[in-house]
file model.pdb (PDB, C-alpha atoms, pLDDT in the B column)
ATOM      1  CA  MET I   1      -6.346  -3.131 -11.961  1.00 45.00           C
ATOM      2  CA  ASP I   2     -10.003  -3.590 -11.074  1.00 57.00           C
ATOM      3  CA  LYS I   3     -11.376  -1.738  -8.086  1.00 77.00           C
ATOM      4  CA  LEU I   4     -10.771  -3.808  -4.961  1.00 88.00           C
ATOM      5  CA  THR I   5     -13.905  -4.194  -2.854  1.00 91.00           C
ATOM      6  CA  VAL I   6     -14.506  -5.772   0.538  1.00 91.00           C
ATOM      7  CA  ASN I   7     -18.064  -6.265   1.807  1.00 92.00           C
ATOM      8  CA  ALA I   8     -18.596  -6.021   5.542  1.00 92.00           C
ATOM      9  CA  VAL I   9     -21.325  -6.322   8.144  1.00 91.00           C
ATOM     10  CA  VAL I  10     -21.347  -4.512  11.500  1.00 92.00           C
ATOM     11  CA  ARG I  11     -20.845  -6.995  14.332  1.00 90.00           C
ATOM     12  CA  THR I  12     -21.928  -6.702  17.946  1.00 86.00           C
ATOM     13  CA  THR I  13     -20.134  -9.618  19.593  1.00 84.00           C
ATOM     14  CA  THR I  14     -16.595  -9.246  20.917  1.00 86.00           C
ATOM     15  CA  GLY I  15     -13.970 -11.338  22.618  1.00 87.00           C
ATOM     16  CA  LYS I  16     -11.919 -14.431  21.848  1.00 89.00           C
ATOM     17  CA  ARG I  17     -14.868 -16.823  21.744  1.00 91.00           C
ATOM     18  CA  ALA I  18     -16.837 -14.622  19.372  1.00 88.00           C
ATOM     19  CA  ALA I  19     -13.795 -14.203  17.110  1.00 88.00           C
ATOM     20  CA  LYS I  20     -13.153 -17.942  17.100  1.00 90.00           C
ATOM     21  CA  ALA I  21     -16.812 -18.673  16.268  1.00 89.00           C
ATOM     22  CA  LEU I  22     -16.677 -16.075  13.494  1.00 89.00           C
ATOM     23  CA  ARG I  23     -13.558 -17.659  11.962  1.00 89.00           C
ATOM     24  CA  ALA I  24     -15.201 -21.096  12.118  1.00 90.00           C
ATOM     25  CA  THR I  25     -17.919 -19.805   9.746  1.00 92.00           C
ATOM     26  CA  GLY I  26     -15.357 -18.517   7.193  1.00 89.00           C
ATOM     27  CA  ASN I  27     -15.515 -14.901   8.361  1.00 91.00           C
ATOM     28  CA  LEU I  28     -13.014 -12.585  10.005  1.00 92.00           C
ATOM     29  CA  PRO I  29     -13.356 -10.015  12.740  1.00 94.00           C
ATOM     30  CA  ALA I  30     -12.336  -6.567  11.492  1.00 93.00           C
ATOM     31  CA  VAL I  31     -12.285  -2.982  12.667  1.00 92.00           C
ATOM     32  CA  MET I  32     -12.920   0.161  10.615  1.00 93.00           C
ATOM     33  CA  TYR I  33     -11.338   3.383  11.930  1.00 92.00           C
ATOM     34  CA  ASN I  34     -12.602   6.758  10.754  1.00 88.00           C
ATOM     35  CA  GLY I  35     -10.644  10.017  10.566  1.00 80.00           C
ATOM     36  CA  LYS I  36     -11.515  10.844  14.187  1.00 82.00           C
ATOM     37  CA  GLY I  37     -10.114   7.530  15.466  1.00 79.00           C
ATOM     38  CA  GLU I  38     -13.551   6.087  16.195  1.00 87.00           C
ATOM     39  CA  ALA I  39     -13.781   2.344  15.645  1.00 89.00           C
ATOM     40  CA  THR I  40     -16.594   0.260  14.185  1.00 90.00           C
ATOM     41  CA  MET I  41     -16.456  -3.512  14.623  1.00 93.00           C
ATOM     42  CA  LEU I  42     -17.077  -5.464  11.426  1.00 93.00           C
ATOM     43  CA  GLN I  43     -17.128  -8.984  10.095  1.00 92.00           C
ATOM     44  CA  ILE I  44     -15.861  -9.787   6.613  1.00 93.00           C
ATOM     45  CA  ASP I  45     -15.636 -12.871   4.428  1.00 92.00           C
ATOM     46  CA  GLU I  46     -12.170 -14.414   4.882  1.00 91.00           C
ATOM     47  CA  ALA I  47     -11.787 -15.643   1.282  1.00 90.00           C
ATOM     48  CA  GLU I  48     -12.915 -12.328  -0.218  1.00 92.00           C
ATOM     49  CA  PHE I  49     -10.571 -10.353   2.043  1.00 92.00           C
ATOM     50  CA  THR I  50      -7.583 -12.632   1.391  1.00 90.00           C
ATOM     51  CA  LYS I  51      -8.028 -12.220  -2.371  1.00 91.00           C
ATOM     52  CA  VAL I  52      -7.986  -8.416  -1.985  1.00 91.00           C
ATOM     53  CA  TRP I  53      -5.162  -8.495   0.586  1.00 91.00           C
ATOM     54  CA  LYS I  54      -2.879 -10.450  -1.759  1.00 89.00           C
ATOM     55  CA  GLN I  55      -3.337  -7.838  -4.521  1.00 87.00           C
ATOM     56  CA  ALA I  56      -3.136  -4.700  -2.375  1.00 86.00           C
ATOM     57  CA  THR I  57      -0.074  -2.587  -1.624  1.00 81.00           C
ATOM     58  CA  PRO I  58       0.149  -0.276   1.404  1.00 80.00           C
ATOM     59  CA  THR I  59      -1.118   2.571  -0.822  1.00 82.00           C
ATOM     60  CA  THR I  60      -3.951   0.697  -2.530  1.00 86.00           C
ATOM     61  CA  LEU I  61      -7.358   2.183  -1.815  1.00 88.00           C
ATOM     62  CA  ILE I  62     -10.053  -0.371  -1.059  1.00 91.00           C
ATOM     63  CA  GLU I  63     -13.789   0.202  -1.400  1.00 91.00           C
ATOM     64  CA  LEU I  64     -15.189  -0.972   1.943  1.00 92.00           C
ATOM     65  CA  VAL I  65     -18.931  -1.609   1.674  1.00 92.00           C
ATOM     66  CA  VAL I  66     -20.731  -1.671   5.027  1.00 91.00           C
ATOM     67  CA  GLY I  67     -24.415  -2.243   4.419  1.00 86.00           C
ATOM     68  CA  LYS I  68     -25.451   0.501   1.979  1.00 90.00           C
ATOM     69  CA  GLU I  69     -22.502   2.760   2.841  1.00 91.00           C
ATOM     70  CA  LYS I  70     -19.332   2.795   0.748  1.00 91.00           C
ATOM     71  CA  HIS I  71     -16.036   3.992   2.222  1.00 91.00           C
ATOM     72  CA  LEU I  72     -12.586   4.525   0.731  1.00 90.00           C
ATOM     73  CA  ALA I  73     -10.066   2.830   2.991  1.00 91.00           C
ATOM     74  CA  PHE I  74      -6.562   1.462   3.325  1.00 90.00           C
ATOM     75  CA  ILE I  75      -5.828  -1.917   4.861  1.00 90.00           C
ATOM     76  CA  LYS I  76      -4.187  -0.522   7.970  1.00 90.00           C
ATOM     77  CA  ASP I  77      -3.098  -3.784   9.570  1.00 90.00           C
ATOM     78  CA  THR I  78      -3.738  -7.511   9.510  1.00 91.00           C
ATOM     79  CA  GLU I  79      -3.127 -10.362  11.880  1.00 91.00           C
ATOM     80  CA  TYR I  80      -1.919 -13.359   9.917  1.00 88.00           C
ATOM     81  CA  ASN I  81      -1.179 -16.914  11.034  1.00 88.00           C
ATOM     82  CA  ILE I  82       1.774 -18.138   9.003  1.00 90.00           C
ATOM     83  CA  ILE I  83       1.265 -21.747  10.119  1.00 91.00           C
ATOM     84  CA  THR I  84      -2.341 -22.023   8.920  1.00 87.00           C
ATOM     85  CA  ASP I  85      -1.797 -19.550   6.053  1.00 86.00           C
ATOM     86  CA  LYS I  86      -4.909 -17.631   7.117  1.00 87.00           C
ATOM     87  CA  ASN I  87      -5.752 -14.086   8.061  1.00 89.00           C
ATOM     88  CA  LEU I  88      -7.124 -13.765  11.586  1.00 90.00           C
ATOM     89  CA  HIS I  89      -8.100 -10.085  11.783  1.00 92.00           C
ATOM     90  CA  ALA I  90      -8.084  -6.927   9.655  1.00 92.00           C
ATOM     91  CA  ASP I  91      -8.037  -3.204  10.392  1.00 93.00           C
ATOM     92  CA  PHE I  92      -9.189  -0.601   7.857  1.00 93.00           C
ATOM     93  CA  GLN I  93      -8.452   3.129   7.901  1.00 91.00           C
ATOM     94  CA  VAL I  94     -11.227   5.117   6.222  1.00 92.00           C
ATOM     95  CA  ILE I  95     -10.077   8.280   4.477  1.00 90.00           C
ATOM     96  CA  ASP I  96     -11.796  11.444   3.316  1.00 88.00           C
ATOM     97  CA  PRO I  97     -11.759  11.512  -0.521  1.00 86.00           C
ATOM     98  CA  ASP I  98     -11.541  15.335  -0.513  1.00 89.00           C
ATOM     99  CA  LYS I  99      -8.609  15.607   1.909  1.00 91.00           C
ATOM    100  CA  VAL I 100      -4.972  15.633   0.727  1.00 91.00           C
ATOM    101  CA  LEU I 101      -2.983  12.600   1.922  1.00 89.00           C
ATOM    102  CA  THR I 102       0.724  12.529   2.709  1.00 90.00           C
ATOM    103  CA  VAL I 103       2.005   8.958   2.538  1.00 88.00           C
ATOM    104  CA  PRO I 104       5.293   7.111   2.114  1.00 90.00           C
ATOM    105  CA  ILE I 105       5.522   5.002  -1.042  1.00 90.00           C
ATOM    106  CA  LYS I 106       8.213   2.628  -2.274  1.00 90.00           C
ATOM    107  CA  VAL I 107      10.102   3.498  -5.433  1.00 92.00           C
ATOM    108  CA  GLN I 108      10.818   0.593  -7.763  1.00 92.00           C
ATOM    109  CA  LEU I 109      13.693   0.787 -10.209  1.00 92.00           C
ATOM    110  CA  GLY I 110      12.761   0.029 -13.813  1.00 91.00           C
ATOM    111  CA  GLY I 111      14.969  -0.628 -16.803  1.00 90.00           C
ATOM    112  CA  SER I 112      18.545  -1.746 -17.289  1.00 91.00           C
ATOM    113  CA  PRO I 113      20.988   1.192 -17.076  1.00 92.00           C
ATOM    114  CA  VAL I 114      23.283   1.818 -20.043  1.00 90.00           C
ATOM    115  CA  GLY I 115      26.198   2.177 -17.621  1.00 90.00           C
ATOM    116  CA  VAL I 116      25.640  -1.283 -16.139  1.00 90.00           C
ATOM    117  CA  ARG I 117      25.622  -2.838 -19.621  1.00 90.00           C
ATOM    118  CA  GLU I 118      28.980  -1.088 -20.158  1.00 90.00           C
ATOM    119  CA  GLY I 119      30.445  -2.671 -16.997  1.00 90.00           C
ATOM    120  CA  GLY I 120      29.387  -0.147 -14.333  1.00 89.00           C
ATOM    121  CA  ILE I 121      27.933  -1.034 -10.941  1.00 92.00           C
ATOM    122  CA  LEU I 122      24.378  -0.040  -9.996  1.00 93.00           C
ATOM    123  CA  GLN I 123      24.090   1.447  -6.527  1.00 93.00           C
ATOM    124  CA  LYS I 124      20.632   1.861  -5.034  1.00 94.00           C
ATOM    125  CA  GLY I 125      19.850   4.923  -2.980  1.00 92.00           C
ATOM    126  CA  ILE I 126      16.690   5.563  -0.982  1.00 92.00           C
ATOM    127  CA  ASP I 127      13.885   3.079  -1.603  1.00 91.00           C
ATOM    128  CA  SER I 128      10.864   5.175  -0.643  1.00 91.00           C
ATOM    129  CA  ILE I 129       9.659   8.759  -0.779  1.00 92.00           C
ATOM    130  CA  LYS I 130       6.823  10.754   0.775  1.00 93.00           C
ATOM    131  CA  ILE I 131       4.190  12.071  -1.564  1.00 93.00           C
ATOM    132  CA  SER I 132       1.182  14.313  -1.136  1.00 93.00           C
ATOM    133  CA  CYS I 133      -2.008  14.084  -3.225  1.00 92.00           C
ATOM    134  CA  LEU I 134      -5.749  13.563  -3.195  1.00 90.00           C
ATOM    135  CA  PRO I 135      -6.815   9.923  -2.760  1.00 87.00           C
ATOM    136  CA  LYS I 136      -8.037   9.746  -6.386  1.00 85.00           C
ATOM    137  CA  ASP I 137      -4.506  10.619  -7.597  1.00 87.00           C
ATOM    138  CA  LEU I 138      -2.657   8.181  -5.331  1.00 86.00           C
ATOM    139  CA  PRO I 139      -0.398   5.906  -7.395  1.00 86.00           C
ATOM    140  CA  VAL I 140      -0.335   2.197  -6.589  1.00 79.00           C
ATOM    141  CA  ARG I 141       3.404   2.183  -7.260  1.00 82.00           C
ATOM    142  CA  ILE I 142       6.137   4.507  -8.470  1.00 89.00           C
ATOM    143  CA  ILE I 143       8.644   3.174 -10.977  1.00 90.00           C
ATOM    144  CA  ALA I 144      11.801   5.213 -11.622  1.00 91.00           C
ATOM    145  CA  ASP I 145      13.109   4.582 -15.142  1.00 92.00           C
ATOM    146  CA  ILE I 146      16.893   4.241 -14.746  1.00 93.00           C
ATOM    147  CA  SER I 147      17.582   2.831 -18.218  1.00 92.00           C
ATOM    148  CA  GLU I 148      19.365   6.016 -19.408  1.00 92.00           C
ATOM    149  CA  LEU I 149      21.883   6.173 -16.519  1.00 91.00           C
ATOM    150  CA  LYS I 150      25.481   6.046 -17.752  1.00 92.00           C
ATOM    151  CA  ILE I 151      28.614   5.427 -15.695  1.00 91.00           C
ATOM    152  CA  GLY I 152      28.929   8.351 -13.283  1.00 92.00           C
ATOM    153  CA  ASP I 153      25.241   9.339 -13.569  1.00 92.00           C
ATOM    154  CA  LYS I 154      22.754   9.443 -10.727  1.00 94.00           C
ATOM    155  CA  MET I 155      18.999   9.854 -10.523  1.00 93.00           C
ATOM    156  CA  ALA I 156      17.536  12.144  -7.874  1.00 93.00           C
ATOM    157  CA  VAL I 157      13.989  12.180  -6.516  1.00 92.00           C
ATOM    158  CA  LYS I 158      13.180  15.316  -8.555  1.00 91.00           C
ATOM    159  CA  GLN I 159      13.809  13.335 -11.778  1.00 91.00           C
ATOM    160  CA  ILE I 160      11.045  10.784 -11.124  1.00 90.00           C
ATOM    161  CA  ALA I 161       8.100  11.173 -13.487  1.00 86.00           C
ATOM    162  CA  LEU I 162       4.912  11.496 -11.434  1.00 88.00           C
ATOM    163  CA  SER I 163       1.318  11.845 -12.542  1.00 86.00           C
ATOM    164  CA  GLU I 164      -0.479  15.180 -12.306  1.00 88.00           C
ATOM    165  CA  GLY I 165      -1.683  16.059  -8.817  1.00 88.00           C
ATOM    166  CA  VAL I 166       1.117  14.147  -7.040  1.00 91.00           C
ATOM    167  CA  THR I 167       3.731  16.203  -5.177  1.00 91.00           C
ATOM    168  CA  VAL I 168       6.934  14.894  -3.601  1.00 91.00           C
ATOM    169  CA  VAL I 169       7.365  15.957   0.026  1.00 91.00           C
ATOM    170  CA  SER I 170      10.738  14.196   0.513  1.00 89.00           C
ATOM    171  CA  ASN I 171      14.138  15.737  -0.170  1.00 91.00           C
ATOM    172  CA  GLN I 172      14.165  16.441  -3.931  1.00 90.00           C
ATOM    173  CA  ASP I 173      17.943  15.909  -4.160  1.00 93.00           C
ATOM    174  CA  ALA I 174      18.015  12.482  -2.486  1.00 93.00           C
ATOM    175  CA  VAL I 175      19.565   9.864  -4.777  1.00 93.00           C
ATOM    176  CA  ILE I 176      17.370   6.989  -6.002  1.00 93.00           C
ATOM    177  CA  ALA I 177      20.109   5.182  -7.954  1.00 93.00           C
ATOM    178  CA  SER I 178      23.535   5.768  -9.444  1.00 93.00           C
ATOM    179  CA  VAL I 179      25.983   3.894 -11.662  1.00 92.00           C
ATOM    180  CA  LYS I 180      29.586   3.778 -10.452  1.00 93.00           C
ATOM    181  CA  ALA I 181      32.626   2.978 -12.522  1.00 88.00           C
ATOM    182  CA  PRO I 182      33.868  -0.608 -12.127  1.00 84.00           C
ATOM    183  CA  ARG I 183      36.857  -1.167  -9.827  1.00 78.00           C
ATOM    184  CA  ARG I 184      40.004  -1.938 -11.703  1.00 69.00           C
TER
END
call {"tool": "encode", "arguments": {"input": "model.pdb", "output": "structure tokens"}}
result
Amino acid sequence: MDKLTVNAVVRTTTGKRAAKALRATGNLPAVMYNGKGEATMLQIDEAEFTKVWKQATPTTLIELVVGKEKHLAFIKDTEYNIITDKNLHADFQVIDPDKVLTVPIKVQLGGSPVGVREGGILQKGIDSIKISCLPKDLPVRIIADISELKIGDKMAVKQIALSEGVTVVSNQDAVIASVKAPRR
């Protein structure tokens, strides 16, 4: 995946009228929060942001360019109008690239278990885990390969293959998936 970038300009106007006028020009009001909780008001291009927003997951790092400064950030929150199919506002959380993050991340199941092909029933366990790593090591997604599970087998969190630098903080024995024998 290419690096996702959003260009922004610091804005000085606030309020409903200013936000409405901004949206009328194809821009969005946005806020950038730093690690201390301080907020900087921004304006971003609506089309550019929507393109990035549709590709991003909750753990996707965005390069937020404000003038000549570049920040690593998550899309923290958005306000979206389902009727007009448009974003109305965006919040970004800037992170320190040298500080370890602890974040929840969804676990996707990959593969078709042997036990299911033999008539077993797949039972899903927990669907997300907490991981700890530097921002540069943060995976976009975690896929647990369950293709080798036979009837009676289960996969625990500790069996998930993770890249170097990523540590699981969640319960290592929690079950991700299992294959039960069919009812007779």
call {"tool": "resolve_selection", "arguments": {"input": "model.pdb", "expression": "the PyMOL selection byres ((chain I and resi 168-184) around 8)", "output": "compact mmCIF listing (two decimals) with C-alpha atoms, keeping the file's coordinate frame"}}
result
# COMPACT_ATOMS: atom_id res chain seq x y z
CA THR I 102 0.72 12.53 2.71
CA PRO I 113 20.99 1.19 -17.08
CA GLY I 115 26.20 2.18 -17.62
CA VAL I 116 25.64 -1.28 -16.14
CA GLY I 119 30.44 -2.67 -17.00
CA GLY I 120 29.39 -0.15 -14.33
CA ILE I 121 27.93 -1.03 -10.94
CA LEU I 122 24.38 -0.04 -10.00
CA GLN I 123 24.09 1.45 -6.53
CA LYS I 124 20.63 1.86 -5.03
CA GLY I 125 19.85 4.92 -2.98
CA ILE I 126 16.69 5.56 -0.98
CA ASP I 127 13.88 3.08 -1.60
CA ILE I 129 9.66 8.76 -0.78
CA LYS I 130 6.82 10.75 0.78
CA ILE I 131 4.19 12.07 -1.56
CA SER I 132 1.18 14.31 -1.14
CA ILE I 146 16.89 4.24 -14.75
CA LEU I 149 21.88 6.17 -16.52
CA LYS I 150 25.48 6.05 -17.75
CA ILE I 151 28.61 5.43 -15.70
CA GLY I 152 28.93 8.35 -13.28
CA ASP I 153 25.24 9.34 -13.57
CA LYS I 154 22.75 9.44 -10.73
CA MET I 155 19.00 9.85 -10.52
CA ALA I 156 17.54 12.14 -7.87
CA VAL I 157 13.99 12.18 -6.52
CA LYS I 158 13.18 15.32 -8.56
CA VAL I 166 1.12 14.15 -7.04
CA THR I 167 3.73 16.20 -5.18
call {"tool": "atom_distance", "arguments": {"input": "model.pdb", "atom1": "CA of Thr84 in chain I", "atom2": "CA of Trp53 in chain I"}}
result
16.1 Å
call {"tool": "atom_distance", "arguments": {"input": "model.pdb", "atom1": "CA of Leu134 in chain I", "atom2": "CA of Ser163 in chain I"}}
result
11.8 Å
call {"tool": "residues_around", "arguments": {"input": "model.pdb", "residues": "Ala19 in chain I", "least_positions_apart": "3", "cutoff": "10 Å", "atoms": "all atoms listed in the file", "output": "list in words"}}
result
Thr13, Thr14, Gly15, Lys16, Leu22, Arg23, Ala24, Asn27, Leu28, Pro29, Ala30, Gln43, Leu88 and His89 of chain I
call {"tool": "closest_residue", "arguments": {"input": "model.pdb", "among": "I:Leu138, I:Cys133, I:Ile160, I:Val31", "to": "Phe92 in chain I", "atoms": "all atoms listed in the file"}}
result
I:Val31
call {"tool": "axis_aligned_box", "arguments": {"input": "model.pdb", "around": "range 163-167 of chain I", "padding_each_side": "6 Å", "output": "JSON"}}
result
{"center_x": 1.0, "center_y": 14.0, "center_z": -8.9, "size_x": 17.4, "size_y": 16.4, "size_z": 19.4}
call {"tool": "residues_around", "arguments": {"input": "model.pdb", "residues": "Gly67 in chain I", "least_positions_apart": "6", "cutoff": "9 Å", "atoms": "all atoms listed in the file", "output": "PDB file with C-alpha atoms, in the frame of the given file"}}
result
ATOM      1  CA  ASN I   7     -18.064  -6.265   1.807  1.00 92.00           C
ATOM      2  CA  ALA I   8     -18.596  -6.021   5.542  1.00 92.00           C
ATOM      3  CA  VAL I   9     -21.325  -6.322   8.144  1.00 91.00           C
ATOM      4  CA  VAL I  10     -21.347  -4.512  11.500  1.00 92.00           C
TER       5      VAL I  10
END
call {"tool": "build_atoms", "arguments": {"input": "model.pdb", "residues": "range 73-107 of chain I", "atoms": "N, CA and C atoms", "output": "PDB file, in the coordinates of the input"}}
result
ATOM      1  N   ALA I  73     -10.884   3.191   1.838  1.00 91.00           N
ATOM      2  CA  ALA I  73     -10.066   2.830   2.991  1.00 91.00           C
ATOM      3  C   ALA I  73      -8.764   2.164   2.555  1.00 91.00           C
ATOM      4  N   PHE I  74      -7.796   2.224   3.452  1.00 90.00           N
ATOM      5  CA  PHE I  74      -6.562   1.462   3.325  1.00 90.00           C
ATOM      6  C   PHE I  74      -6.672   0.259   4.244  1.00 90.00           C
ATOM      7  N   ILE I  75      -5.988  -0.825   3.896  1.00 90.00           N
ATOM      8  CA  ILE I  75      -5.828  -1.917   4.861  1.00 90.00           C
ATOM      9  C   ILE I  75      -4.728  -1.439   5.791  1.00 90.00           C
ATOM     10  N   LYS I  76      -5.109  -1.112   7.008  1.00 90.00           N
ATOM     11  CA  LYS I  76      -4.187  -0.522   7.970  1.00 90.00           C
ATOM     12  C   LYS I  76      -3.277  -1.581   8.583  1.00 90.00           C
ATOM     13  N   ASP I  77      -3.857  -2.731   8.900  1.00 90.00           N
ATOM     14  CA  ASP I  77      -3.098  -3.784   9.570  1.00 90.00           C
ATOM     15  C   ASP I  77      -3.848  -5.103   9.430  1.00 90.00           C
ATOM     16  N   THR I  78      -3.114  -6.188   9.494  1.00 91.00           N
ATOM     17  CA  THR I  78      -3.738  -7.511   9.510  1.00 91.00           C
ATOM     18  C   THR I  78      -3.013  -8.374  10.526  1.00 91.00           C
ATOM     19  N   GLU I  79      -3.741  -9.332  11.051  1.00 91.00           N
ATOM     20  CA  GLU I  79      -3.127 -10.362  11.880  1.00 91.00           C
ATOM     21  C   GLU I  79      -3.185 -11.621  11.037  1.00 91.00           C
ATOM     22  N   TYR I  80      -2.031 -12.240  10.843  1.00 88.00           N
ATOM     23  CA  TYR I  80      -1.919 -13.359   9.917  1.00 88.00           C
ATOM     24  C   TYR I  80      -1.233 -14.520  10.612  1.00 88.00           C
ATOM     25  N   ASN I  81      -1.780 -15.724  10.457  1.00 88.00           N
ATOM     26  CA  ASN I  81      -1.179 -16.914  11.034  1.00 88.00           C
ATOM     27  C   ASN I  81      -0.395 -17.619   9.935  1.00 88.00           C
ATOM     28  N   ILE I  82       0.920 -17.568  10.041  1.00 90.00           N
ATOM     29  CA  ILE I  82       1.774 -18.138   9.003  1.00 90.00           C
ATOM     30  C   ILE I  82       1.674 -19.668   8.961  1.00 90.00           C
ATOM     31  N   ILE I  83       1.357 -20.282  10.063  1.00 91.00           N
ATOM     32  CA  ILE I  83       1.265 -21.747  10.119  1.00 91.00           C
ATOM     33  C   ILE I  83       0.035 -22.243   9.363  1.00 91.00           C
ATOM     34  N   THR I  84      -1.104 -21.598   9.594  1.00 87.00           N
ATOM     35  CA  THR I  84      -2.341 -22.023   8.920  1.00 87.00           C
ATOM     36  C   THR I  84      -2.545 -21.313   7.587  1.00 87.00           C
ATOM     37  N   ASP I  85      -1.691 -20.337   7.286  1.00 86.00           N
ATOM     38  CA  ASP I  85      -1.797 -19.550   6.053  1.00 86.00           C
ATOM     39  C   ASP I  85      -3.160 -18.870   5.952  1.00 86.00           C
ATOM     40  N   LYS I  86      -3.599 -18.292   7.067  1.00 87.00           N
ATOM     41  CA  LYS I  86      -4.909 -17.631   7.117  1.00 87.00           C
ATOM     42  C   LYS I  86      -4.791 -16.282   7.820  1.00 87.00           C
ATOM     43  N   ASN I  87      -5.608 -15.357   7.354  1.00 89.00           N
ATOM     44  CA  ASN I  87      -5.752 -14.086   8.061  1.00 89.00           C
ATOM     45  C   ASN I  87      -6.640 -14.319   9.274  1.00 89.00           C
ATOM     46  N   LEU I  88      -6.341 -13.625  10.359  1.00 90.00           N
ATOM     47  CA  LEU I  88      -7.124 -13.765  11.586  1.00 90.00           C
ATOM     48  C   LEU I  88      -7.924 -12.515  11.923  1.00 90.00           C
ATOM     49  N   HIS I  89      -7.471 -11.360  11.428  1.00 92.00           N
ATOM     50  CA  HIS I  89      -8.100 -10.085  11.783  1.00 92.00           C
ATOM     51  C   HIS I  89      -7.639  -9.028  10.786  1.00 92.00           C
ATOM     52  N   ALA I  90      -8.460  -8.019  10.546  1.00 92.00           N
ATOM     53  CA  ALA I  90      -8.084  -6.927   9.655  1.00 92.00           C
ATOM     54  C   ALA I  90      -8.524  -5.588  10.229  1.00 92.00           C
ATOM     55  N   ASP I  91      -7.703  -4.578  10.014  1.00 93.00           N
ATOM     56  CA  ASP I  91      -8.037  -3.204  10.392  1.00 93.00           C
ATOM     57  C   ASP I  91      -8.050  -2.360   9.122  1.00 93.00           C
ATOM     58  N   PHE I  92      -9.058  -1.505   8.994  1.00 93.00           N
ATOM     59  CA  PHE I  92      -9.189  -0.601   7.857  1.00 93.00           C
ATOM     60  C   PHE I  92      -9.152   0.836   8.347  1.00 93.00           C
ATOM     61  N   GLN I  93      -8.467   1.695   7.604  1.00 91.00           N
ATOM     62  CA  GLN I  93      -8.452   3.129   7.901  1.00 91.00           C
ATOM     63  C   GLN I  93      -9.235   3.838   6.819  1.00 91.00           C
ATOM     64  N   VAL I  94     -10.391   4.391   7.183  1.00 92.00           N
ATOM     65  CA  VAL I  94     -11.227   5.117   6.222  1.00 92.00           C
ATOM     66  C   VAL I  94     -10.641   6.512   6.027  1.00 92.00           C
ATOM     67  N   ILE I  95     -10.634   6.965   4.783  1.00 90.00           N
ATOM     68  CA  ILE I  95     -10.077   8.280   4.477  1.00 90.00           C
ATOM     69  C   ILE I  95     -11.134   9.164   3.831  1.00 90.00           C
ATOM     70  N   ASP I  96     -10.912  10.460   3.935  1.00 88.00           N
ATOM     71  CA  ASP I  96     -11.796  11.444   3.316  1.00 88.00           C
ATOM     72  C   ASP I  96     -11.334  11.647   1.873  1.00 88.00           C
ATOM     73  N   PRO I  97     -12.185  11.390   0.876  1.00 86.00           N
ATOM     74  CA  PRO I  97     -11.759  11.512  -0.521  1.00 86.00           C
ATOM     75  C   PRO I  97     -11.415  12.939  -0.955  1.00 86.00           C
ATOM     76  N   ASP I  98     -11.809  13.938  -0.165  1.00 89.00           N
ATOM     77  CA  ASP I  98     -11.541  15.335  -0.513  1.00 89.00           C
ATOM     78  C   ASP I  98     -10.367  15.929   0.255  1.00 89.00           C
ATOM     79  N   LYS I  99      -9.711  15.118   1.079  1.00 91.00           N
ATOM     80  CA  LYS I  99      -8.609  15.607   1.909  1.00 91.00           C
ATOM     81  C   LYS I  99      -7.275  15.099   1.347  1.00 91.00           C
ATOM     82  N   VAL I 100      -6.294  15.992   1.253  1.00 91.00           N
ATOM     83  CA  VAL I 100      -4.972  15.633   0.727  1.00 91.00           C
ATOM     84  C   VAL I 100      -4.282  14.672   1.698  1.00 91.00           C
ATOM     85  N   LEU I 101      -3.721  13.596   1.140  1.00 89.00           N
ATOM     86  CA  LEU I 101      -2.983  12.600   1.922  1.00 89.00           C
ATOM     87  C   LEU I 101      -1.489  12.825   1.756  1.00 89.00           C
ATOM     88  N   THR I 102      -0.732  12.566   2.799  1.00 90.00           N
ATOM     89  CA  THR I 102       0.724  12.529   2.709  1.00 90.00           C
ATOM     90  C   THR I 102       1.129  11.143   3.168  1.00 90.00           C
ATOM     91  N   VAL I 103       1.677  10.353   2.238  1.00 88.00           N
ATOM     92  CA  VAL I 103       2.005   8.958   2.538  1.00 88.00           C
ATOM     93  C   VAL I 103       3.381   8.587   1.995  1.00 88.00           C
ATOM     94  N   PRO I 104       4.054   7.637   2.684  1.00 90.00           N
ATOM     95  CA  PRO I 104       5.293   7.111   2.114  1.00 90.00           C
ATOM     96  C   PRO I 104       4.946   6.061   1.055  1.00 90.00           C
ATOM     97  N   ILE I 105       5.749   5.988   0.011  1.00 90.00           N
ATOM     98  CA  ILE I 105       5.522   5.002  -1.042  1.00 90.00           C
ATOM     99  C   ILE I 105       6.873   4.507  -1.547  1.00 90.00           C
ATOM    100  N   LYS I 106       6.968   3.221  -1.776  1.00 90.00           N
ATOM    101  CA  LYS I 106       8.213   2.628  -2.274  1.00 90.00           C
ATOM    102  C   LYS I 106       8.447   3.032  -3.728  1.00 90.00           C
ATOM    103  N   VAL I 107       9.711   3.192  -4.061  1.00 92.00           N
ATOM    104  CA  VAL I 107      10.102   3.498  -5.433  1.00 92.00           C
ATOM    105  C   VAL I 107      10.779   2.260  -6.003  1.00 92.00           C
TER     106      VAL I 107
END
